[in-house]
>>> print(open('my_file_22.txt').read())   # compact mmCIF, C-alpha atoms
# COMPACT_ATOMS: atom_id res chain seq x y z
CA MET A 2 158.26 106.33 93.65
CA ASN A 3 155.33 108.72 93.70
CA ILE A 4 152.91 109.08 96.62
CA TYR A 5 150.12 111.53 97.28
CA LEU A 6 151.03 113.52 100.36
CA ASN A 7 148.18 115.65 101.70
CA GLY A 8 146.65 115.57 98.24
CA GLU A 9 149.82 116.56 96.33
CA PRO A 10 152.06 114.23 94.31
CA GLN A 11 155.44 113.75 95.98
CA GLN A 12 158.54 111.75 95.03
CA VAL A 13 159.96 109.64 97.87
CA PRO A 14 162.49 106.77 98.02
CA ASP A 15 161.07 103.28 97.43
CA ASN A 16 159.93 101.40 100.54
CA ILE A 17 160.16 104.48 102.74
CA THR A 18 158.73 103.95 106.21
CA ALA A 19 156.29 106.30 107.90
CA ALA A 20 159.03 107.31 110.36
CA GLN A 21 161.48 108.05 107.53
CA LEU A 22 158.89 110.12 105.68
CA LEU A 23 158.23 112.22 108.78
CA GLU A 24 161.96 112.69 109.26
CA THR A 25 162.34 113.88 105.64
CA LEU A 26 159.56 116.40 106.27
CA GLY A 27 161.07 117.63 109.54
CA LEU A 28 158.00 116.41 111.43
CA THR A 29 159.59 113.79 113.70
CA GLY A 30 158.24 114.07 117.23
CA LYS A 31 155.53 116.57 116.29
CA ARG A 32 152.01 115.99 117.56
CA LEU A 33 150.28 114.69 114.44
CA ALA A 34 148.30 111.76 113.11
CA MET A 35 148.81 109.82 109.90
CA GLU A 36 146.47 108.00 107.60
CA VAL A 37 147.44 105.89 104.59
CA ASN A 38 144.73 105.02 102.09
CA MET A 39 142.07 106.08 104.64
CA GLU A 40 143.43 103.81 107.38
CA ILE A 41 145.01 105.19 110.55
CA VAL A 42 148.71 104.41 110.98
CA PRO A 43 149.23 104.18 114.75
CA ARG A 44 152.22 106.19 116.02
CA SER A 45 153.61 103.03 117.61
CA THR A 46 154.00 101.46 114.15
CA PHE A 47 155.71 104.38 112.34
CA GLU A 48 159.11 102.65 112.38
CA GLU A 49 157.98 99.52 110.55
CA PHE A 50 155.06 100.84 108.46
CA VAL A 51 156.15 100.79 104.80
CA ILE A 52 154.62 103.21 102.34
CA HIS A 53 154.01 101.95 98.81
CA SER A 54 153.83 103.58 95.39
CA ASP A 55 150.69 105.68 94.83
CA ASP A 56 149.69 105.48 98.49
CA ARG A 57 147.57 108.37 99.69
CA VAL A 58 149.17 109.71 102.82
CA GLU A 59 147.45 112.27 105.02
CA ILE A 60 149.25 113.99 107.88
CA VAL A 61 147.04 116.08 110.14
CA HIS A 62 147.32 118.16 113.29
CA ALA A 63 145.12 120.28 115.54
CA ILE A 64 144.42 123.89 114.61
CA GLY A 65 142.07 126.56 115.92
CA GLY A 66 138.41 125.78 115.44
CA GLY A 67 135.01 125.96 117.09
CA MET B 23 126.11 134.46 151.75
CA THR B 24 127.90 131.28 152.75
CA VAL B 25 125.04 129.11 151.55
CA ALA B 26 124.87 130.89 148.20
CA THR B 27 128.62 130.66 147.74
CA ASN B 28 128.72 126.98 148.60
CA GLU B 29 125.84 126.10 146.34
CA SER B 30 127.57 127.83 143.48
CA ARG B 31 131.01 126.41 144.25
CA ASN B 32 129.83 122.81 144.45
CA ASP B 33 127.86 123.15 141.25
CA THR B 34 129.55 120.95 138.68
CA PHE B 35 128.36 119.00 135.69
CA ALA B 36 129.68 115.77 134.23
CA ILE B 37 130.45 114.78 130.67
CA ALA B 38 131.50 111.20 129.97
CA GLY B 39 132.20 110.62 133.67
CA LYS B 40 134.43 113.66 134.18
CA SER B 41 133.20 116.57 136.22
CA TYR B 42 133.68 120.21 135.25
CA ARG B 43 133.26 123.48 137.14
CA SER B 44 133.18 125.75 134.11
CA ARG B 45 130.02 125.62 132.03
CA LEU B 46 131.57 127.74 129.31
CA LEU B 47 133.18 125.75 126.50
CA VAL B 48 135.20 127.70 123.97
CA GLY B 49 136.49 127.26 120.45
CA THR B 50 139.96 128.29 119.29
CA GLY B 51 139.17 129.48 115.75
CA LYS B 52 139.29 133.00 114.29
CA TYR B 53 141.85 134.49 116.72
CA LYS B 54 144.51 136.78 115.29
CA ASP B 55 147.35 134.70 116.75
CA MET B 56 148.25 132.00 119.25
CA GLU B 57 148.87 134.51 122.03
CA GLU B 58 145.38 135.96 121.71
CA THR B 59 144.00 132.41 121.67
CA ARG B 60 145.86 131.64 124.89
CA LEU B 61 144.83 134.84 126.69
CA ALA B 62 141.15 134.60 125.69
CA THR B 63 140.96 130.91 126.60
CA GLU B 64 142.47 131.65 130.01
CA ALA B 65 140.13 134.60 130.59
CA SER B 66 137.11 132.44 129.73
CA GLY B 67 137.93 129.99 132.51
CA ALA B 68 136.90 127.21 130.11
CA GLN B 69 138.01 123.67 130.91
CA ILE B 70 136.81 122.14 127.64
CA VAL B 71 138.28 123.65 124.48
CA THR B 72 137.48 122.72 120.89
CA VAL B 73 140.03 122.31 118.11
CA ALA B 74 139.77 121.41 114.42
CA ILE B 75 141.74 118.70 112.62
CA ARG B 76 143.41 119.76 109.38
CA ARG B 77 146.28 118.81 107.08
CA SER B 78 149.71 119.76 108.41
CA ASN B 79 151.59 122.30 106.34
CA ILE B 80 154.22 120.28 104.53
CA GLY B 81 157.49 122.15 104.16
CA GLN B 82 156.04 125.49 105.32
CA ASN B 83 156.87 127.05 108.68
CA PRO B 84 158.11 123.89 110.40
CA ASN B 85 158.62 125.94 113.57
CA GLU B 86 155.14 127.41 113.54
CA PRO B 87 153.71 127.26 117.10
CA ASN B 88 151.47 124.28 117.73
CA LEU B 89 148.00 124.97 119.11
CA LEU B 90 148.34 122.12 121.60
CA GLU B 91 151.38 123.85 123.12
CA VAL B 92 149.22 126.91 123.76
CA ILE B 93 146.22 124.84 124.92
CA PRO B 94 148.01 121.91 126.57
CA PRO B 95 145.98 118.68 126.85
CA ASP B 96 147.19 118.13 130.41
CA ARG B 97 145.49 121.36 131.44
CA TYR B 98 142.40 121.45 129.22
CA THR B 99 140.02 118.78 127.99
CA ILE B 100 140.56 118.96 124.24
CA LEU B 101 137.41 118.57 122.21
CA PRO B 102 138.30 117.85 118.58
CA ASN B 103 135.51 118.77 116.20
CA THR B 104 134.40 117.56 112.79
CA ALA B 105 133.83 121.07 111.45
CA GLY B 106 133.73 121.24 107.69
CA CYS B 107 132.44 117.66 107.31
CA TYR B 108 129.43 117.26 105.04
CA THR B 109 129.19 113.47 105.18
CA ALA B 110 128.97 110.94 108.01
CA ASP B 111 132.04 109.13 106.64
CA ASP B 112 134.21 112.27 106.69
CA ALA B 113 133.10 113.00 110.26
CA VAL B 114 133.90 109.46 111.45
CA ARG B 115 137.28 109.57 109.69
CA THR B 116 138.09 112.92 111.31
CA CYS B 117 137.23 111.58 114.76
CA ARG B 118 139.48 108.54 114.26
CA LEU B 119 142.39 110.79 113.26
CA ALA B 120 141.69 113.00 116.28
CA ARG B 121 141.72 109.99 118.59
CA GLU B 122 145.12 108.94 117.22
CA LEU B 123 146.41 112.52 117.43
CA LEU B 124 145.34 112.81 121.06
CA ASP B 125 146.64 109.41 122.22
CA GLY B 126 143.35 107.54 122.40
CA HIS B 127 141.24 110.44 123.68
CA LYS B 128 137.58 109.49 123.12
CA LEU B 129 135.68 112.76 123.54
CA VAL B 130 134.69 114.40 120.25
CA LYS B 131 132.35 117.08 119.00
CA LEU B 132 130.36 115.71 116.09
CA GLU B 133 128.97 118.08 113.52
CA VAL B 134 127.87 117.10 110.04
CA LEU B 135 126.90 120.14 108.04
CA GLY B 136 124.16 120.21 105.45
CA ASP B 137 124.50 123.56 103.77
CA GLU B 138 127.24 126.18 103.37
CA LYS B 139 124.95 129.18 103.67
CA THR B 140 123.31 128.29 106.98
CA LEU B 141 125.81 125.71 108.30
CA PHE B 142 122.74 123.95 109.64
CA PRO B 143 123.39 120.32 110.53
CA ASP B 144 122.51 117.50 108.14
CA ILE B 145 120.42 115.60 110.65
CA THR B 146 120.19 112.27 108.84
CA ALA B 147 123.97 112.19 108.36
CA THR B 148 124.48 113.35 111.97
CA LEU B 149 122.38 110.42 113.24
CA GLN B 150 124.33 107.95 111.09
CA ALA B 151 127.70 109.33 112.21
CA ALA B 152 126.62 109.35 115.87
CA GLU B 153 125.64 105.67 115.65
CA LYS B 154 128.98 104.71 114.09
CA LEU B 155 131.02 106.74 116.55
CA VAL B 156 129.20 105.46 119.63
CA ALA B 157 129.64 101.88 118.35
CA ASP B 158 133.35 102.64 117.86
CA GLY B 159 133.71 103.68 121.52
CA PHE B 160 133.71 107.47 121.15
CA ASP B 161 132.14 109.83 123.69
CA VAL B 162 130.11 112.01 121.36
CA MET B 163 129.01 115.57 122.04
CA VAL B 164 126.76 116.33 119.13
CA TYR B 165 125.87 119.61 117.40
CA THR B 166 122.28 119.50 116.23
CA SER B 167 119.26 121.59 115.32
CA ASP B 168 116.88 122.79 118.04
CA ASP B 169 114.48 119.93 117.29
CA PRO B 170 113.39 118.15 120.50
CA ILE B 171 112.62 114.86 118.72
CA ILE B 172 116.08 114.69 117.16
CA ALA B 173 117.73 115.70 120.45
CA LYS B 174 116.01 112.72 122.09
CA ARG B 175 117.09 110.35 119.28
CA LEU B 176 120.70 111.47 119.68
CA GLU B 177 120.51 110.85 123.41
CA GLU B 178 119.01 107.39 122.78
CA ILE B 179 121.85 106.57 120.37
CA GLY B 180 124.22 107.15 123.28
CA CYS B 181 125.65 110.65 122.77
CA VAL B 182 127.11 111.97 126.04
CA ALA B 183 125.86 115.52 125.43
CA VAL B 184 123.41 117.07 122.98
CA MET B 185 124.25 120.55 121.71
CA PRO B 186 121.44 122.32 119.89
CA LEU B 187 122.20 125.54 118.02
CA ALA B 188 120.73 128.79 119.34
CA ALA B 189 121.04 130.34 115.87
CA PRO B 190 123.30 129.70 112.84
CA ILE B 191 127.03 129.24 113.60
CA GLY B 192 128.81 132.59 113.81
CA SER B 193 125.58 134.57 113.38
CA GLY B 194 125.49 136.13 116.85
CA LEU B 195 121.68 136.20 116.70
CA GLY B 196 121.13 134.70 120.16
CA ILE B 197 118.50 132.11 121.06
CA GLN B 198 115.92 132.03 118.29
CA ASN B 199 113.59 129.34 119.59
CA LYS B 200 113.40 129.37 123.37
CA TYR B 201 110.41 127.04 123.47
CA ASN B 202 112.16 124.31 121.51
CA LEU B 203 115.26 124.71 123.63
CA LEU B 204 113.22 124.52 126.83
CA GLU B 205 111.52 121.34 125.61
CA ILE B 206 114.92 119.80 124.82
CA ILE B 207 116.25 120.73 128.29
CA GLU B 208 113.20 119.45 130.16
CA GLN B 209 113.16 116.01 128.54
CA ALA B 210 116.93 115.40 128.56
CA GLN B 211 118.79 112.77 130.55
CA VAL B 212 122.19 113.97 129.28
CA PRO B 213 123.74 117.46 129.47
CA ILE B 214 122.29 119.97 127.01
CA LEU B 215 124.64 122.69 125.81
CA VAL B 216 123.84 125.54 123.49
CA ASP B 217 126.35 125.36 120.66
CA ALA B 218 126.46 128.22 118.16
CA GLY B 219 124.60 131.45 117.67
CA VAL B 220 125.47 133.35 120.85
CA GLY B 221 126.32 137.00 120.16
CA THR B 222 126.98 138.62 123.49
CA ALA B 223 126.98 138.01 127.23
CA SER B 224 123.22 138.34 127.74
CA ASP B 225 122.57 135.56 125.17
CA ALA B 226 124.77 133.23 127.20
CA ALA B 227 123.06 134.26 130.43
CA VAL B 228 119.62 133.61 128.92
CA ALA B 229 120.66 130.09 127.87
CA MET B 230 121.88 129.34 131.39
CA GLU B 231 118.81 130.88 133.06
CA MET B 232 116.68 128.49 131.00
CA GLY B 233 118.54 125.55 132.51
CA CYS B 234 121.11 124.66 129.88
CA ASP B 235 124.06 122.77 131.34
CA GLY B 236 126.55 124.88 129.42
CA VAL B 237 127.26 126.95 126.34
CA LEU B 238 129.87 126.37 123.64
CA MET B 239 130.97 129.44 121.70
CA ASN B 240 133.79 130.67 119.50
CA THR B 241 132.92 133.60 117.23
CA ALA B 242 131.20 135.65 119.94
CA ILE B 243 134.53 135.83 121.77
CA ALA B 244 137.10 135.62 118.97
CA GLY B 245 135.20 138.09 116.77
CA ALA B 246 134.70 140.72 119.49
CA LYS B 247 136.75 143.92 119.27
CA ASN B 248 138.46 142.88 122.49
CA PRO B 249 138.31 139.06 122.61
CA VAL B 250 140.01 138.73 125.99
CA LEU B 251 137.55 141.12 127.64
CA MET B 252 134.61 139.37 125.96
CA ALA B 253 135.92 136.02 127.23
CA SER B 254 135.82 137.43 130.74
CA ALA B 255 132.30 138.82 130.16
CA MET B 256 131.10 135.43 128.93
CA LYS B 257 132.56 133.68 131.97
CA LYS B 258 130.58 136.00 134.25
CA ALA B 259 127.41 135.73 132.15
CA ILE B 260 127.52 131.94 132.29
CA GLU B 261 128.04 132.00 136.06
CA ALA B 262 125.34 134.64 136.60
CA GLY B 263 122.85 132.79 134.42
CA ARG B 264 123.56 129.51 136.18
CA GLU B 265 123.15 131.04 139.64
CA ALA B 266 119.89 132.69 138.58
CA PHE B 267 118.62 129.32 137.31
CA LEU B 268 119.56 127.63 140.59
CA ALA B 269 118.07 130.50 142.61
CA GLY B 270 114.75 130.24 140.76
CA ARG B 271 113.38 133.39 139.20
CA ILE B 272 110.10 135.06 140.22
CA PRO B 273 107.11 134.43 138.00
CA LYS B 274 106.30 137.15 135.50
CA LYS B 275 103.13 139.13 136.33
CA ARG B 276 101.29 141.71 134.38
CA TYR B 277 100.77 144.18 137.25
CA ALA B 278 102.84 145.67 140.05
CA SER B 279 103.40 144.12 143.45
CA ALA B 280 104.69 146.56 146.09
CA SER B 281 108.04 145.79 147.67
CA SER B 282 107.30 147.83 150.84
CA PRO B 283 104.54 146.60 153.22
CA ILE B 284 101.24 148.46 153.38
CA GLU B 285 100.81 147.57 157.05
CA GLY B 286 102.16 150.20 159.44
CA THR B 287 101.66 153.13 157.13
CA PHE B 288 100.80 156.26 159.22
CA PHE B 289 99.29 158.38 156.44
>>> encode(input="my_file_22.txt", output="structure tokens")
Amino acid sequence: MNIYLNGEPQQVPDNITAAQLLETLGLTGKRLAMEVNMEIVPRSTFEEFVIHSDDRVEIVHAIGGG
Amino acid sequence: MTVATNESRNDTFAIAGKSYRSRLLVGTGKYKDMEETRLATEASGAQIVTVAIRRSNIGQNPNEPNLLEVIPPDRYTILPNTAGCYTADDAVRTCRLARELLDGHKLVKLEVLGDEKTLFPDITATLQAAEKLVADGFDVMVYTSDDPIIAKRLEEIGCVAVMPLAAPIGSGLGIQNKYNLLEIIEQAQVPILVDAGVGTASDAAVAMEMGCDGVLMNTAIAGAKNPVLMASAMKKAIEAGREAFLAGRIPKKRYASASSPIEGTFF
């Protein structure tokens, strides 16, 4: 299925969980936050949170800024 | 000496119930690399450090150093900002992501910009975002214009600190409206910090001499030829300005007043 990952279309397996997506991206255990369709996905729910077709997934982290 | 040292050493200020010794808050943008960020932040003595929230690089440099390893949250109070937000909704969304990123951390720096050229705040959107964030349980430090009426409104909304600009972000122009800033300081019940516009150490000292509780800066340090040395200079300027404020300066007079007594002259 297709999702929008940080604004870009991306093919991922159907019914992928948030945890599985992060693993695919090599981001497991990194300090980040995730939002799906503008709603926060708490880290504690990554294992069971299922991502659906056309979901808009944002993965963010802290960078230098004033 | 002892009295002066003690007065200075015990001089702390509180934001959202936590007390801080350093009145210099620093940003982490515009440094050439993580090592320079780390060295300058250490040299500044800052305890509160701002960061921005941005999309992670997907598939690029997975082993790129993480800012929060260089500025660890167990050592610094991390102040996530809403830089780059032009609407109240984007700012609120950014703060919610920051809270999740930082394990429920509630302290945020709110800025809602109104214009790319000046980076002046959009005050109506800032007020709306502040209301939403306070209602959502955030401790909001808010970047605003140097307007005393708006500063008061933001305090009334429940912001934990109000941070008027001295001059446009990154401009290095120093304090452009001392009378507005003084009015904001005198009426405030929450800490007032100058945020943006400082160019060099004397600008920071002037802000502190006027009675500001602190100064937040990024470009003045990161953009200096030697950022680590400038960070050290800013630390001293903030401390010097604060001590001068506590000491109480002499009034300005138009004519001279001799330092040596006239009595006892033999000529």
>>> closest_residue(input="my_file_22.txt", among="A:Glu48, A:His53, A:Val13, A:Leu6", to="chain B", atoms="all atoms listed in the file")
A:Leu6
>>> interface_residues(input="my_file_22.txt", of="chain B", to="chain A", cutoff="7 Å", atoms="only C-alpha atoms", output="ChimeraX atom specification")
/B:49-51,72-78,80-81,84,89,119,122-123,240
>>> residues_around(input="my_file_22.txt", residues="segment 55-57 of chain A", least_positions_apart="2", cutoff="6 Å", atoms="all atoms listed in the file", output="list in words")
Asn3, Ile4, Tyr5, Val37, Asn38 and His53 of chain A
>>> atom_distance(input="my_file_22.txt", atom1="atom CA of Ala188 of chain B", atom2="atom CA of Leu135 of chain B")
15.5 Å
>>> atom_distance(input="my_file_22.txt", atom1="atom CA of Thr99 of chain B", atom2="atom CA of Leu129 of chain B")
8.7 Å
>>> atom_distance(input="my_file_22.txt", atom1="atom CA of Arg45 of chain B", atom2="atom CA of Ile243 of chain B")
15.2 Å
>>> residues_around(input="my_file_22.txt", residues="segment 208-224 of chain B", least_positions_apart="6", cutoff="6 Å", atoms="all atoms listed in the file", output="list in words")
Ala183, Val184, Met185, Pro186, Leu187, Ala188, Ala189, Pro190, Ile191, Gly192, Ser193, Gly194, Leu195, Gly196, Cys234, Asp235, Gly236, Val237, Leu238, Met239, Ala242, Met256 and Ala259 of chain B
>>> axis_aligned_box(input="my_file_22.txt", around="segment 150-159 of chain B", padding_each_side="6 Å", output="JSON")
{"center_x": 129.0, "center_y": 105.6, "center_z": 116.3, "size_x": 21.4, "size_y": 19.5, "size_z": 22.4}
>>> residues_around(input="my_file_22.txt", residues="Gly180 of chain B", least_positions_apart="5", cutoff="8 Å", atoms="only C-alpha atoms", output="PyMOL selection string")
chain B and resi 153+156+162
>>> decode(input="my_file_22.txt", residues="segment 166-178 of chain B", atoms="N, CA and C atoms", output="PDB file, in the first residue's frame")
ATOM      1  N   THR B 166       7.558  37.532  21.588  1.00  0.00           N
ATOM      2  CA  THR B 166       6.560  38.530  21.211  1.00  0.00           C
ATOM      3  C   THR B 166       7.244  39.829  20.796  1.00  0.00           C
ATOM      4  N   SER B 167       6.439  40.786  20.382  1.00  0.00           N
ATOM      5  CA  SER B 167       6.955  42.111  20.053  1.00  0.00           C
ATOM      6  C   SER B 167       7.233  42.855  21.360  1.00  0.00           C
ATOM      7  N   ASP B 168       7.817  44.042  21.259  1.00  0.00           N
ATOM      8  CA  ASP B 168       8.109  44.800  22.486  1.00  0.00           C
ATOM      9  C   ASP B 168       6.937  45.712  22.857  1.00  0.00           C
ATOM     10  N   ASP B 169       5.738  45.172  22.731  1.00  0.00           N
ATOM     11  CA  ASP B 169       4.523  45.925  23.039  1.00  0.00           C
ATOM     12  C   ASP B 169       4.069  45.588  24.470  1.00  0.00           C
ATOM     13  N   PRO B 170       4.076  46.572  25.375  1.00  0.00           N
ATOM     14  CA  PRO B 170       3.737  46.292  26.777  1.00  0.00           C
ATOM     15  C   PRO B 170       2.317  45.757  26.974  1.00  0.00           C
ATOM     16  N   ILE B 171       1.377  46.194  26.143  1.00  0.00           N
ATOM     17  CA  ILE B 171      -0.010  45.740  26.302  1.00  0.00           C
ATOM     18  C   ILE B 171      -0.111  44.252  25.963  1.00  0.00           C
ATOM     19  N   ILE B 172       0.538  43.869  24.878  1.00  0.00           N
ATOM     20  CA  ILE B 172       0.521  42.455  24.474  1.00  0.00           C
ATOM     21  C   ILE B 172       1.280  41.595  25.486  1.00  0.00           C
ATOM     22  N   ALA B 173       2.392  42.109  25.990  1.00  0.00           N
ATOM     23  CA  ALA B 173       3.158  41.352  26.997  1.00  0.00           C
ATOM     24  C   ALA B 173       2.267  41.033  28.195  1.00  0.00           C
ATOM     25  N   LYS B 174       1.470  42.029  28.615  1.00  0.00           N
ATOM     26  CA  LYS B 174       0.560  41.829  29.741  1.00  0.00           C
ATOM     27  C   LYS B 174      -0.506  40.790  29.406  1.00  0.00           C
ATOM     28  N   ARG B 175      -1.069  40.882  28.196  1.00  0.00           N
ATOM     29  CA  ARG B 175      -2.103  39.907  27.776  1.00  0.00           C
ATOM     30  C   ARG B 175      -1.543  38.483  27.825  1.00  0.00           C
ATOM     31  N   LEU B 176      -0.318  38.321  27.346  1.00  0.00           N
ATOM     32  CA  LEU B 176       0.290  36.985  27.318  1.00  0.00           C
ATOM     33  C   LEU B 176       0.509  36.460  28.729  1.00  0.00           C
ATOM     34  N   GLU B 177       0.884  37.360  29.621  1.00  0.00           N
ATOM     35  CA  GLU B 177       1.021  36.976  31.035  1.00  0.00           C
ATOM     36  C   GLU B 177      -0.342  36.563  31.598  1.00  0.00           C
ATOM     37  N   GLU B 178      -1.376  37.335  31.289  1.00  0.00           N
ATOM     38  CA  GLU B 178      -2.726  37.038  31.788  1.00  0.00           C
ATOM     39  C   GLU B 178      -3.248  35.703  31.257  1.00  0.00           C
TER      40      GLU B 178
END
